[in-house]
>>> print(open('final-v2.pdb').read())   # PDB, C-alpha atoms
MODEL        1
ATOM      1  CA  MET W   1      -8.212  96.088 138.512
ATOM      2  CA  ASP W   2      -6.151  93.180 137.130
ATOM      3  CA  SER W   3      -8.472  91.879 134.472
ATOM      4  CA  ALA W   4     -11.904  92.243 132.952
ATOM      5  CA  ILE W   5     -14.605  89.945 131.638
ATOM      6  CA  ILE W   6     -17.002  91.605 129.273
ATOM      7  CA  ILE W   7     -20.368  89.859 129.210
ATOM      8  CA  ILE W   8     -22.465  90.228 126.082
ATOM      9  CA  ASP W   9     -25.979  88.790 126.111
ATOM     10  CA  LYS W  10     -27.694  90.732 123.345
ATOM     11  CA  ALA W  11     -27.692  90.004 119.623
ATOM     12  CA  PRO W  12     -25.517  92.223 117.438
ATOM     13  CA  TYR W  13     -26.698  95.035 115.168
ATOM     14  CA  GLY W  14     -30.131  95.614 116.789
ATOM     15  CA  TRP W  15     -28.230  96.937 119.802
ATOM     16  CA  GLU W  16     -24.723  98.263 119.800
ATOM     17  CA  ASP W  17     -23.894  96.279 122.937
ATOM     18  CA  SER W  18     -21.925  93.499 121.288
ATOM     19  CA  PHE W  19     -19.924  95.883 119.143
ATOM     20  CA  SER W  20     -19.157  98.026 122.209
ATOM     21  CA  GLY W  21     -18.294  94.946 124.255
ATOM     22  CA  TYR W  22     -15.672  93.782 121.782
ATOM     23  CA  TYR W  23     -14.296  97.301 121.627
ATOM     24  CA  VAL W  24     -13.993  97.499 125.418
ATOM     25  CA  ALA W  25     -12.028  94.233 125.340
ATOM     26  CA  ILE W  26      -9.716  95.543 122.607
ATOM     27  CA  ALA W  27      -9.235  98.786 124.561
ATOM     28  CA  CYS W  28      -8.338  96.803 127.720
ATOM     29  CA  LEU W  29      -5.806  94.699 125.805
ATOM     30  CA  ASN W  30      -4.333  97.830 124.274
ATOM     31  CA  ARG W  31      -3.728  99.023 127.828
ATOM     32  CA  ASP W  32      -2.057  95.723 128.771
ATOM     33  CA  LEU W  33      -5.035  94.712 130.894
ATOM     34  CA  ASP W  34      -6.184  91.084 130.592
ATOM     35  CA  ALA W  35      -9.615  90.950 129.033
ATOM     36  CA  ASP W  36     -11.943  88.153 127.973
ATOM     37  CA  VAL W  37     -15.364  88.266 126.354
ATOM     38  CA  LEU W  38     -18.190  85.994 127.465
ATOM     39  CA  LEU W  39     -21.018  85.503 124.989
ATOM     40  CA  MET W  40     -24.267  84.298 126.560
ATOM     41  CA  GLY W  41     -27.921  84.267 125.559
ATOM     42  CA  ASP W  42     -28.486  86.091 122.287
ATOM     43  CA  GLY W  43     -24.901  87.361 122.559
ATOM     44  CA  VAL W  44     -23.720  84.096 120.963
ATOM     45  CA  TYR W  45     -25.071  85.311 117.606
ATOM     46  CA  SER W  46     -22.183  87.767 117.384
ATOM     47  CA  ALA W  47     -19.751  84.828 117.055
ATOM     48  CA  LEU W  48     -21.418  83.479 113.911
ATOM     49  CA  ASP W  49     -19.097  83.150 110.957
ATOM     50  CA  GLY W  50     -19.905  84.667 107.583
ATOM     51  CA  GLN W  51     -21.836  87.724 108.770
ATOM     52  CA  LYS W  52     -22.239  90.285 105.992
ATOM     53  CA  PRO W  53     -23.677  93.381 107.657
ATOM     54  CA  GLN W  54     -21.623  95.694 105.446
ATOM     55  CA  GLU W  55     -23.809  94.849 102.466
ATOM     56  CA  THR W  56     -27.162  95.475 104.132
ATOM     57  CA  LEU W  57     -26.762  97.457 107.349
ATOM     58  CA  LYS W  58     -23.561  99.283 106.386
ATOM     59  CA  PHE W  59     -22.158  98.121 109.697
ATOM     60  CA  PRO W  60     -18.823  96.382 110.437
ATOM     61  CA  ASN W  61     -18.753  92.596 110.886
ATOM     62  CA  VAL W  62     -18.830  92.082 114.661
ATOM     63  CA  GLY W  63     -17.738  88.429 114.392
ATOM     64  CA  GLU W  64     -14.427  89.376 112.845
ATOM     65  CA  LEU W  65     -13.561  91.525 115.853
ATOM     66  CA  ALA W  66     -13.013  88.257 117.732
ATOM     67  CA  TYR W  67      -9.874  87.725 115.656
ATOM     68  CA  LEU W  68      -8.477  91.018 116.964
ATOM     69  CA  ILE W  69      -8.931  89.880 120.585
ATOM     70  CA  PHE W  70      -7.653  86.295 120.433
ATOM     71  CA  PRO W  71      -5.084  85.053 121.513
ATOM     72  CA  GLU W  72      -4.324  87.899 123.947
ATOM     73  CA  GLY W  73      -7.863  87.587 125.241
ATOM     74  CA  ASN W  74     -10.375  84.741 125.030
ATOM     75  CA  ILE W  75     -13.836  84.842 123.558
ATOM     76  CA  PHE W  76     -15.927  82.315 125.452
ATOM     77  CA  VAL W  77     -19.201  81.110 123.941
ATOM     78  CA  HIS W  78     -21.699  79.607 126.375
ATOM     79  CA  LYS W  79     -22.533  76.150 125.041
ATOM     80  CA  GLU W  80     -26.080  75.907 126.357
ATOM     81  CA  SER W  81     -27.001  79.324 124.912
ATOM     82  CA  MET W  82     -25.574  78.237 121.600
ATOM     83  CA  GLU W  83     -27.400  74.913 121.526
ATOM     84  CA  LYS W  84     -30.729  76.510 122.515
ATOM     85  CA  ARG W  85     -30.449  78.637 119.397
ATOM     86  CA  GLY W  86     -29.586  75.698 117.142
ATOM     87  CA  ILE W  87     -26.045  76.873 116.513
ATOM     88  CA  ASN W  88     -23.228  74.360 116.194
ATOM     89  CA  GLU W  89     -19.471  74.822 116.533
ATOM     90  CA  GLY W  90     -18.823  74.755 112.791
ATOM     91  CA  GLU W  91     -20.943  77.883 112.360
ATOM     92  CA  LEU W  92     -18.770  80.009 114.640
ATOM     93  CA  VAL W  93     -15.676  82.077 113.885
ATOM     94  CA  GLU W  94     -12.442  80.209 114.582
ATOM     95  CA  ALA W  95     -11.189  82.524 117.323
ATOM     96  CA  VAL W  96     -13.799  81.512 119.924
ATOM     97  CA  GLN W  97     -13.839  78.841 122.621
ATOM     98  CA  ILE W  98     -17.011  76.992 123.577
ATOM     99  CA  ILE W  99     -17.521  76.447 127.296
ATOM    100  CA  ASP W 100     -20.138  74.476 129.201
ATOM    101  CA  ASP W 101     -21.657  75.450 132.563
ATOM    102  CA  LEU W 102     -18.925  73.726 134.573
ATOM    103  CA  GLU W 103     -16.143  75.407 132.594
ATOM    104  CA  LEU W 104     -17.925  78.736 132.974
ATOM    105  CA  PHE W 105     -18.080  78.198 136.727
ATOM    106  CA  GLU W 106     -14.355  77.331 136.820
ATOM    107  CA  ILE W 107     -13.434  80.408 134.810
ATOM    108  CA  LEU W 108     -15.453  82.687 137.049
ATOM    109  CA  GLU W 109     -14.081  81.004 140.159
ATOM    110  CA  SER W 110     -10.501  81.452 138.935
ATOM    111  CA  LYS W 111     -10.915  85.192 138.707
ATOM    112  CA  THR W 112      -9.734  87.267 141.610
ATOM    113  CA  GLY W 113     -11.405  90.059 143.536
ATOM    114  CA  ARG W 114      -9.616  92.424 141.211
ATOM    115  CA  THR W 115     -11.486  91.236 138.107
ATOM    116  CA  ALA W 116     -14.101  93.585 136.713
ATOM    117  CA  PHE W 117     -17.233  91.916 135.361
ATOM    118  CA  ILE W 118     -18.615  94.303 132.809
ATOM    119  CA  LYS W 119     -22.030  93.642 131.325
ATOM    120  CA  VAL W 120     -22.571  95.869 128.341
TER     121      VAL W 120
ATOM    122  CA  MET J   1     -13.344 103.304 110.431
ATOM    123  CA  THR J   2     -13.063  99.877 108.849
ATOM    124  CA  GLU J   3     -10.984  99.263 105.784
ATOM    125  CA  GLU J   4     -12.369  96.215 104.038
ATOM    126  CA  GLY J   5     -11.753  94.129 101.016
ATOM    127  CA  LYS J   6      -8.452  95.618  99.930
ATOM    128  CA  LYS J   7      -6.960  92.771  97.934
ATOM    129  CA  HIS J   8      -3.221  92.667  97.293
ATOM    130  CA  VAL J   9      -1.459  90.216  94.992
ATOM    131  CA  VAL J  10       1.852  89.878  96.810
ATOM    132  CA  LEU J  11       3.142  86.519  95.557
ATOM    133  CA  PRO J  12       1.770  85.943  92.057
ATOM    134  CA  GLU J  13       3.843  82.764  91.617
ATOM    135  CA  GLY J  14       3.022  81.300  95.052
ATOM    136  CA  VAL J  15       2.137  77.593  95.029
ATOM    137  CA  LEU J  16      -0.616  77.956  97.645
ATOM    138  CA  VAL J  17      -1.173  81.558  98.702
ATOM    139  CA  ASN J  18      -0.842  84.495  96.332
ATOM    140  CA  GLU J  19      -3.215  87.167  97.550
ATOM    141  CA  VAL J  20      -4.065  88.789 100.828
ATOM    142  CA  THR J  21      -7.112  90.883 101.638
ATOM    143  CA  VAL J  22      -7.018  93.475 104.393
ATOM    144  CA  LYS J  23     -10.272  92.848 106.291
ATOM    145  CA  GLU J  24      -9.856  95.063 109.348
ATOM    146  CA  ILE J  25      -7.419  97.691 110.524
ATOM    147  CA  ARG J  26      -8.147  98.903 114.046
ATOM    148  CA  PRO J  27      -6.097 101.634 115.658
ATOM    149  CA  CYS J  28      -4.334 100.969 118.910
ATOM    150  CA  ILE J  29      -5.628 103.368 121.524
ATOM    151  CA  VAL J  30      -2.484 103.966 123.547
ATOM    152  CA  ALA J  31       0.335 103.095 121.178
ATOM    153  CA  GLU J  32       0.282 105.909 118.688
ATOM    154  CA  GLY J  33       0.780 104.741 115.149
ATOM    155  CA  MET J  34       0.073 101.089 116.028
ATOM    156  CA  VAL J  35      -2.816  99.045 114.654
ATOM    157  CA  ARG J  36      -4.361  95.594 114.939
ATOM    158  CA  ALA J  37      -4.902  93.976 111.571
ATOM    159  CA  LEU J  38      -7.082  91.145 110.310
ATOM    160  CA  LEU J  39      -6.039  89.700 106.977
ATOM    161  CA  GLN J  40      -7.500  86.985 104.768
ATOM    162  CA  LEU J  41      -5.319  84.785 102.573
ATOM    163  CA  ASP J  42      -6.714  83.444  99.304
ATOM    164  CA  ALA J  43      -6.486  79.765 100.283
ATOM    165  CA  SER J  44      -7.122  77.514 103.255
ATOM    166  CA  ILE J  45      -3.930  76.725 105.177
ATOM    167  CA  ASP J  46      -5.481  73.949 107.262
ATOM    168  CA  ASP J  47      -2.952  71.295 106.153
ATOM    169  CA  THR J  48       0.012  73.665 106.119
ATOM    170  CA  ILE J  49      -0.285  75.130 109.643
ATOM    171  CA  PRO J  50       1.219  72.057 111.432
ATOM    172  CA  LEU J  51       4.150  72.085 108.990
ATOM    173  CA  LEU J  52       4.834  75.764 109.627
ATOM    174  CA  MET J  53       5.771  74.974 113.221
ATOM    175  CA  SER J  54       9.126  73.554 112.206
ATOM    176  CA  ARG J  55      10.008  76.758 110.365
ATOM    177  CA  TYR J  56      10.071  78.905 113.510
ATOM    178  CA  PRO J  57      12.003  78.561 116.781
ATOM    179  CA  PRO J  58       9.891  76.506 119.246
ATOM    180  CA  GLY J  59      10.011  79.357 121.765
ATOM    181  CA  LYS J  60       8.277  81.626 119.268
ATOM    182  CA  ILE J  61       5.280  79.432 118.583
ATOM    183  CA  ASN J  62       2.101  78.518 120.386
ATOM    184  CA  TYR J  63      -0.015  75.821 118.762
ATOM    185  CA  LEU J  64      -3.596  74.989 119.663
ATOM    186  CA  LYS J  65      -3.878  71.433 118.416
ATOM    187  CA  ASN J  66      -7.627  71.031 118.882
ATOM    188  CA  LYS J  67      -8.353  74.060 116.695
ATOM    189  CA  ASN J  68      -5.219  73.944 114.520
ATOM    190  CA  ILE J  69      -4.452  77.589 115.338
ATOM    191  CA  LEU J  70      -0.836  78.743 115.320
ATOM    192  CA  THR J  71       0.372  81.916 117.041
ATOM    193  CA  LEU J  72       3.823  83.221 116.202
ATOM    194  CA  SER J  73       5.600  85.654 118.478
ATOM    195  CA  ILE J  74       7.845  87.254 115.898
ATOM    196  CA  TYR J  75       8.697  90.723 114.594
ATOM    197  CA  ASP J  76       7.770  92.202 118.021
ATOM    198  CA  ARG J  77       4.131  91.193 117.639
ATOM    199  CA  LEU J  78       1.710  88.282 117.852
ATOM    200  CA  ILE J  79       0.638  86.815 114.541
ATOM    201  CA  THR J  80      -2.138  84.219 114.641
ATOM    202  CA  LEU J  81      -2.838  81.938 111.712
ATOM    203  CA  TYR J  82      -6.214  80.208 111.356
ATOM    204  CA  PRO J  83      -7.071  77.193 109.158
ATOM    205  CA  SER J  84      -9.433  79.281 106.996
ATOM    206  CA  GLY J  85      -6.546  81.526 105.970
ATOM    207  CA  LYS J  86      -7.404  84.354 108.334
ATOM    208  CA  VAL J  87      -4.395  86.008 109.960
ATOM    209  CA  SER J  88      -4.496  88.477 112.833
ATOM    210  CA  MET J  89      -1.598  90.714 113.766
ATOM    211  CA  ASN J  90      -1.196  93.089 116.688
ATOM    212  CA  LYS J  91       1.340  95.874 117.391
ATOM    213  CA  THR J  92       1.584  96.646 113.704
ATOM    214  CA  LEU J  93       2.673 100.052 112.422
ATOM    215  CA  ASP J  94       0.219 100.382 109.557
ATOM    216  CA  GLU J  95      -1.266  98.537 106.605
ATOM    217  CA  GLU J  96       2.005  98.690 104.707
ATOM    218  CA  ASP J  97       3.843  97.117 107.635
ATOM    219  CA  ALA J  98       1.172  94.390 107.897
ATOM    220  CA  LEU J  99       1.559  93.602 104.198
ATOM    221  CA  LYS J 100       5.355  93.505 104.472
ATOM    222  CA  ILE J 101       5.234  90.971 107.320
ATOM    223  CA  ILE J 102       2.435  88.851 105.860
ATOM    224  CA  THR J 103       4.375  88.576 102.600
ATOM    225  CA  ILE J 104       7.314  87.016 104.491
ATOM    226  CA  ILE J 105       4.946  84.609 106.257
ATOM    227  CA  MET J 106       3.179  83.730 103.002
ATOM    228  CA  GLU J 107       6.559  82.801 101.530
ATOM    229  CA  GLU J 108       7.071  80.409 104.451
ATOM    230  CA  ILE J 109       3.550  79.009 103.976
ATOM    231  CA  ASN J 110       4.272  78.328 100.317
ATOM    232  CA  LEU J 111       7.607  76.701 101.143
ATOM    233  CA  ALA J 112       6.004  74.512 103.819
ATOM    234  CA  HIS J 113       3.247  73.549 101.381
ATOM    235  CA  GLN J 114       5.828  72.664  98.738
ATOM    236  CA  GLU J 115       7.751  70.497 101.187
ATOM    237  CA  GLN J 116       4.532  68.754 102.125
ATOM    238  CA  ASP J 117       4.070  67.847  98.478
ATOM    239  CA  THR J 118       7.632  66.685  97.915
ATOM    240  CA  SER J 119       8.705  65.041 101.162
ATOM    241  CA  GLY J 120       5.394  64.021 102.685
ATOM    242  CA  ARG J 121       3.780  65.149 105.922
ATOM    243  CA  GLN J 122       5.679  65.185 109.154
ATOM    244  CA  THR J 123       4.121  62.918 111.718
ATOM    245  CA  GLN J 124       1.756  64.354 114.289
ATOM    246  CA  GLU J 125       3.990  62.972 117.051
ATOM    247  CA  ALA J 126       6.993  64.924 115.753
ATOM    248  CA  GLN J 127       4.948  68.133 115.623
ATOM    249  CA  GLU J 128       3.733  67.637 119.171
ATOM    250  CA  LYS J 129       7.273  66.928 120.331
ATOM    251  CA  ILE J 130       8.475  70.226 118.904
ATOM    252  CA  SER J 131       5.647  72.245 120.438
ATOM    253  CA  ASN J 132       6.367  70.721 123.878
ATOM    254  CA  LEU J 133      10.106  71.285 123.727
ATOM    255  CA  GLY J 134      11.779  72.923 126.729
ATOM    256  CA  PRO J 135      15.269  74.475 127.187
ATOM    257  CA  LEU J 136      16.406  71.475 129.230
ATOM    258  CA  ASP J 137      15.718  69.164 126.284
ATOM    259  CA  ILE J 138      18.161  71.182 124.187
ATOM    260  CA  TYR J 139      20.657  71.561 127.043
ATOM    261  CA  ASN J 140      20.803  67.782 127.501
ATOM    262  CA  CYS J 141      21.911  67.417 123.879
ATOM    263  CA  LEU J 142      24.612  70.113 124.052
ATOM    264  CA  PRO J 143      28.302  69.250 124.682
ATOM    265  CA  GLN J 144      28.031  71.246 127.952
ATOM    266  CA  THR J 145      31.685  72.324 127.915
ATOM    267  CA  GLY J 146      30.915  75.797 129.238
ATOM    268  CA  CYS J 147      33.454  77.226 126.776
ATOM    269  CA  GLY J 148      31.598  80.507 126.306
ATOM    270  CA  ASP J 149      32.373  80.617 122.553
ATOM    271  CA  CYS J 150      28.705  81.295 121.887
ATOM    272  CA  GLY J 151      28.862  84.490 123.931
ATOM    273  CA  GLU J 152      26.640  83.168 126.719
ATOM    274  CA  ALA J 153      27.759  82.700 130.313
ATOM    275  CA  THR J 154      26.431  79.144 130.548
ATOM    276  CA  CYS J 155      25.233  76.362 128.266
ATOM    277  CA  THR J 156      21.805  76.593 129.947
ATOM    278  CA  ALA J 157      21.504  80.257 128.948
ATOM    279  CA  PHE J 158      22.543  79.295 125.421
ATOM    280  CA  ALA J 159      19.881  76.542 125.294
ATOM    281  CA  MET J 160      17.199  78.999 126.390
ATOM    282  CA  LYS J 161      18.217  81.538 123.756
ATOM    283  CA  VAL J 162      18.341  78.906 121.020
ATOM    284  CA  LEU J 163      14.815  77.860 121.928
ATOM    285  CA  SER J 164      13.527  81.423 121.869
ATOM    286  CA  GLY J 165      15.294  82.130 118.581
ATOM    287  CA  ASP J 166      17.523  84.812 120.110
ATOM    288  CA  THR J 167      20.714  83.008 119.131
ATOM    289  CA  THR J 168      21.713  80.348 116.638
ATOM    290  CA  LEU J 169      22.798  76.779 117.171
ATOM    291  CA  ASP J 170      25.894  77.088 114.976
ATOM    292  CA  LEU J 171      27.506  79.349 117.593
ATOM    293  CA  CYS J 172      28.110  76.236 119.688
ATOM    294  CA  THR J 173      31.576  75.421 118.329
ATOM    295  CA  PRO J 174      32.150  72.186 120.321
ATOM    296  CA  LEU J 175      29.057  70.767 118.593
ATOM    297  CA  LYS J 176      31.069  70.796 115.375
ATOM    298  CA  GLU J 177      33.893  68.735 116.893
ATOM    299  CA  PRO J 178      34.057  64.984 116.049
ATOM    300  CA  GLU J 179      34.170  64.006 119.723
ATOM    301  CA  TYR J 180      30.651  65.392 120.232
ATOM    302  CA  VAL J 181      29.060  63.696 117.247
ATOM    303  CA  GLU J 182      26.748  61.804 119.601
ATOM    304  CA  LYS J 183      25.438  65.117 120.962
ATOM    305  CA  LEU J 184      24.777  66.293 117.433
ATOM    306  CA  LYS J 185      22.857  63.103 116.726
ATOM    307  CA  CYS J 186      20.909  63.669 119.936
ATOM    308  CA  LEU J 187      19.876  67.129 118.683
ATOM    309  CA  GLU J 188      18.967  65.808 115.239
ATOM    310  CA  GLU J 189      16.750  63.154 116.787
ATOM    311  CA  LEU J 190      15.184  65.689 119.131
ATOM    312  CA  LEU J 191      14.533  68.440 116.634
ATOM    313  CA  GLY J 192      14.612  66.991 113.143
ATOM    314  CA  LYS J 193      16.608  68.500 110.295
ATOM    315  CA  GLN J 194      14.214  71.332 109.428
ATOM    316  CA  VAL J 195      14.073  72.673 113.002
ATOM    317  CA  MET J 196      17.864  72.372 113.234
ATOM    318  CA  VAL J 197      18.139  74.629 110.171
ATOM    319  CA  THR J 198      15.496  76.968 111.633
ATOM    320  CA  MET J 199      17.632  77.209 114.764
ATOM    321  CA  GLY J 200      20.621  78.238 112.701
ATOM    322  CA  TRP J 201      22.484  74.958 112.255
ATOM    323  CA  ASN J 202      24.425  74.799 108.990
ATOM    324  CA  PRO J 203      25.270  71.197 108.209
ATOM    325  CA  PRO J 204      28.913  70.931 107.067
TER     326      PRO J 204
ENDMDL
END
>>> encode(input="final-v2.pdb", output="C-alpha cells")
Amino acid sequence: MDSAIIIIDKAPYGWEDSFSGYYVAIACLNRDLDADVLLMGDGVYSALDGQKPQETLKFPNVGELAYLIFPEGNIFVHKESMEKRGINEGELVEAVQIIDDLELFEILESKTGRTAFIKV
Amino acid sequence: MTEEGKKHVVLPEGVLVNEVTVKEIRPCIVAEGMVRALLQLDASIDDTIPLLMSRYPPGKINYLKNKNILTLSIYDRLITLYPSGKVSMNKTLDEEDALKIITIIMEEINLAHQEQDTSGRQTQEAQEKISNLGPLDIYNCLPQTGCGDCGEATCTAFAMKVLSGDTTLDLCTPLKEPEYVEKLKCLEELLGKQVMVTMGWNPP
C-alpha cells in the first residue's frame, strides 16, 4: 500500500467515525504513509470551525485534528455536500481544501492501485 | 489525552504576539518521544504571514497564496502558520520543545510586523518571486568562478545549498570582489535586501 484515503461521511460526536478517521490518517502519516481525508455527506460537519465539544460533551474538538494532518496530508471537503447543508467556506477550519465533483474525480483517478480507500 | 488551553506568556513585550496556547498535543505512534502539536497565538497573523517569507531561506518555505498558509521546513520539522494564529508542528519532542521553537518563530513574527509598520508592505509580486525561486536563478547571479572557497565542489551545488538554507551566501568570496559588483546587484534585485540577509549576506 502506497497511500490511503480515509472517507468520512458521518457527523462527528454522535458516532466516533470521524474522530477515528482523523486518527487513522495521523497514524498513517506517522508511519510515513501518504494519507488524505475525504469529508462527504454529514462528514463535512467535522470540518466546522469553532466547535466546542469539550464544554458540553467532554470530547476533543475533531475539527482541530485537521491541523495535525495538513500539510503532510490533505483534508478534502466535498463542495456539494457542504452546500447542501448550508455551510460556506468561511465556516470551515483553515486546514481544509474544498473540492467539487470534477476535482474529486481527478483525485480519485490519480490514485494508483496501491491506494487504500478506507471508509470508517 | 488532550491537553487544552494551556496559555503561556512567552514574549510579554511583543508588538503583535505575546502569548501562545497549547491546544493539542498528540503522541507520535512510531517515533517514541515525538508529538504533533497545535498551538494558538494570541493575535491574527493574516497580514504578517506574507512578510515572514523573506525571513527564511526560500527552500525552507511553502506558501499557499490562496489561503495565506505558510509552511516552514525548519528545526527538522514542518511548522505551518495559519492566518488565524494557529500553528501546527510535527516531529516535536514535547510541549517544552514546542514552546521553545514557537517562541523563536513568534520573535520573527513580531519583527516582521514591526518592519511592516516602519518600512511598508513588500509588494505581492516580490513575495511571489521569492516563493518561486529556483537554484538556477541564484546560480545565474553568482560569479561562477568555481573557486571552491565556499567548500562546495561547484557553484551549482553552492546555489542549491544557499536556497535550502544549508550554507550562507557570504561564503562566496568572489562575490565580495569589485569586479563582480554586477553579480551582487543581480542578486540584490533577485532577492531583495532582507532575503539576502536571511541567506547570510553581510553587507560590507
>>> closest_residue(input="final-v2.pdb", among="J:Ser88, J:Thr71, J:Ser54, J:Thr198", to="J:Val35", atoms="all atoms listed in the file")
J:Ser88
>>> residues_around(input="final-v2.pdb", residues="J:Ile105", least_positions_apart="4", cutoff="10 Å", atoms="all atoms listed in the file", output="list in words")
Leu52, Ile79, Leu81, Leu99, Lys100, Ile101, Ile109, Asn110 and Leu111 of chain J
>>> write_last_selection(input="final-v2.pdb", atoms="C-alpha atoms", output="PDB file, in the coordinates of the input")
ATOM      1  CA  LEU J  52       4.834  75.764 109.627  1.00  0.00           C
ATOM      2  CA  ILE J  79       0.638  86.815 114.541  1.00  0.00           C
ATOM      3  CA  LEU J  81      -2.838  81.938 111.712  1.00  0.00           C
ATOM      4  CA  LEU J  99       1.559  93.602 104.198  1.00  0.00           C
ATOM      5  CA  LYS J 100       5.355  93.505 104.472  1.00  0.00           C
ATOM      6  CA  ILE J 101       5.234  90.971 107.320  1.00  0.00           C
ATOM      7  CA  ILE J 109       3.550  79.009 103.976  1.00  0.00           C
ATOM      8  CA  ASN J 110       4.272  78.328 100.317  1.00  0.00           C
ATOM      9  CA  LEU J 111       7.607  76.701 101.143  1.00  0.00           C
TER      10      LEU J 111
END
>>> closest_residue(input="final-v2.pdb", among="W:Leu48, W:Val62, W:Met82, W:Leu38", to="chain J", atoms="only C-alpha atoms")
W:Val62
>>> residues_around(input="final-v2.pdb", residues="W:Asp49", least_positions_apart="2", cutoff="7 Å", atoms="all atoms listed in the file", output="list of chain:residue names")
W:Ala47, W:Gln51, W:Gly63, W:Glu91, W:Leu92, W:Val93
>>> atom_distance(input="final-v2.pdb", atom1="atom CA of W:Ala27", atom2="atom CA of J:Lys6")
24.8 Å
>>> resolve_selection(input="final-v2.pdb", expression="the PyMOL selection byres ((chain W) within 10 of (chain J))", output="MDAnalysis selection string")
chainID W and resid 23 26:32 54 59:61 64:72 93:97
>>> atom_distance(input="final-v2.pdb", atom1="atom CA of J:Asp46", atom2="atom CA of J:Tyr63")
12.9 Å
>>> residues_near_point(input="final-v2.pdb", point="(-6.8, 94.9, 138.4)", cutoff="6 Å", atoms="only C-alpha atoms", output="MDAnalysis selection string")
chainID W and resid 1:3 114:115
>>> atom_distance(input="final-v2.pdb", atom1="atom CA of J:Lys161", atom2="atom CA of J:Gln116")
28.6 Å
>>> closest_residue(input="final-v2.pdb", among="J:Arg77, J:Lys185, J:His113, J:Lys7", to="J:Asp42", atoms="all atoms listed in the file")
J:Lys7
>>> resolve_selection(input="final-v2.pdb", expression="the PyMOL selection byres ((chain W and resi 109-113) around 12)", output="VMD selection string")
chain W and resid 1 to 5 34 to 36 102 to 108 114 to 117
>>> write_last_selection(input="final-v2.pdb", atoms="C-alpha atoms", output="mmCIF file, keeping the file's coordinate frame")
data_model
loop_
_atom_site.group_PDB
_atom_site.id
_atom_site.type_symbol
_atom_site.label_atom_id
_atom_site.label_comp_id
_atom_site.auth_asym_id
_atom_site.auth_seq_id
_atom_site.Cartn_x
_atom_site.Cartn_y
_atom_site.Cartn_z
ATOM 1 C CA MET W 1 -8.212 96.088 138.512
ATOM 2 C CA ASP W 2 -6.151 93.180 137.130
ATOM 3 C CA SER W 3 -8.472 91.879 134.472
ATOM 4 C CA ALA W 4 -11.904 92.243 132.952
ATOM 5 C CA ILE W 5 -14.605 89.945 131.638
ATOM 6 C CA ASP W 34 -6.184 91.084 130.592
ATOM 7 C CA ALA W 35 -9.615 90.950 129.033
ATOM 8 C CA ASP W 36 -11.943 88.153 127.973
ATOM 9 C CA LEU W 102 -18.925 73.726 134.573
ATOM 10 C CA GLU W 103 -16.143 75.407 132.594
ATOM 11 C CA LEU W 104 -17.925 78.736 132.974
ATOM 12 C CA PHE W 105 -18.080 78.198 136.727
ATOM 13 C CA GLU W 106 -14.355 77.331 136.820
ATOM 14 C CA ILE W 107 -13.434 80.408 134.810
ATOM 15 C CA LEU W 108 -15.453 82.687 137.049
ATOM 16 C CA ARG W 114 -9.616 92.424 141.211
ATOM 17 C CA THR W 115 -11.486 91.236 138.107
ATOM 18 C CA ALA W 116 -14.101 93.585 136.713
ATOM 19 C CA PHE W 117 -17.233 91.916 135.361
#
>>> closest_residue(input="final-v2.pdb", among="W:Ile118, W:Ile6, W:Ala25, W:Val37", to="W:Ile75", atoms="all atoms listed in the file")
W:Val37
>>> resolve_selection(input="final-v2.pdb", expression="the PyMOL selection byres ((chain J and resi 133-136) around 9)", output="short mmCIF file (atom, residue, chain, number, x, y, z; two decimals) with C-alpha atoms, in the coordinates of the input")
data_model
loop_
_atom_site.label_atom_id
_atom_site.label_comp_id
_atom_site.auth_asym_id
_atom_site.auth_seq_id
_atom_site.Cartn_x
_atom_site.Cartn_y
_atom_site.Cartn_z
CA PRO J 58 9.89 76.51 119.25
CA GLY J 59 10.01 79.36 121.76
CA GLU J 128 3.73 67.64 119.17
CA LYS J 129 7.27 66.93 120.33
CA ILE J 130 8.48 70.23 118.90
CA SER J 131 5.65 72.24 120.44
CA ASN J 132 6.37 70.72 123.88
CA ASP J 137 15.72 69.16 126.28
CA ILE J 138 18.16 71.18 124.19
CA TYR J 139 20.66 71.56 127.04
CA ASN J 140 20.80 67.78 127.50
CA CYS J 141 21.91 67.42 123.88
CA THR J 156 21.80 76.59 129.95
CA ALA J 157 21.50 80.26 128.95
CA PHE J 158 22.54 79.30 125.42
CA ALA J 159 19.88 76.54 125.29
CA MET J 160 17.20 79.00 126.39
CA LYS J 161 18.22 81.54 123.76
CA VAL J 162 18.34 78.91 121.02
CA LEU J 163 14.82 77.86 121.93
CA SER J 164 13.53 81.42 121.87
CA LEU J 190 15.18 65.69 119.13
CA LEU J 191 14.53 68.44 116.63
#
>>> closest_residue(input="final-v2.pdb", among="J:Asn66, J:Asn18, J:Thr173, J:Asn202", to="J:Ser44", atoms="only C-alpha atoms")
J:Asn18
>>> residues_near_point(input="final-v2.pdb", point="(27.2, 70.7, 118.3)", cutoff="12 Å", atoms="all atoms listed in the file", output="number ranges by chain")
J: 138-145, 149-150, 155, 159, 168-188, 196, 200-204
>>> residues_around(input="final-v2.pdb", residues="W:Lys84", least_positions_apart="6", cutoff="12 Å", atoms="all atoms listed in the file", output="list in words")
Met40, Gly41, Asp42, Val44, Tyr45 and His78 of chain W
>>> write_last_selection(input="final-v2.pdb", atoms="C-alpha atoms", output="PDB file, in the coordinates of the input")
ATOM      1  CA  MET W  40     -24.267  84.298 126.560  1.00  0.00           C
ATOM      2  CA  GLY W  41     -27.921  84.267 125.559  1.00  0.00           C
ATOM      3  CA  ASP W  42     -28.486  86.091 122.287  1.00  0.00           C
ATOM      4  CA  VAL W  44     -23.720  84.096 120.963  1.00  0.00           C
ATOM      5  CA  TYR W  45     -25.071  85.311 117.606  1.00  0.00           C
ATOM      6  CA  HIS W  78     -21.699  79.607 126.375  1.00  0.00           C
TER       7      HIS W  78
END
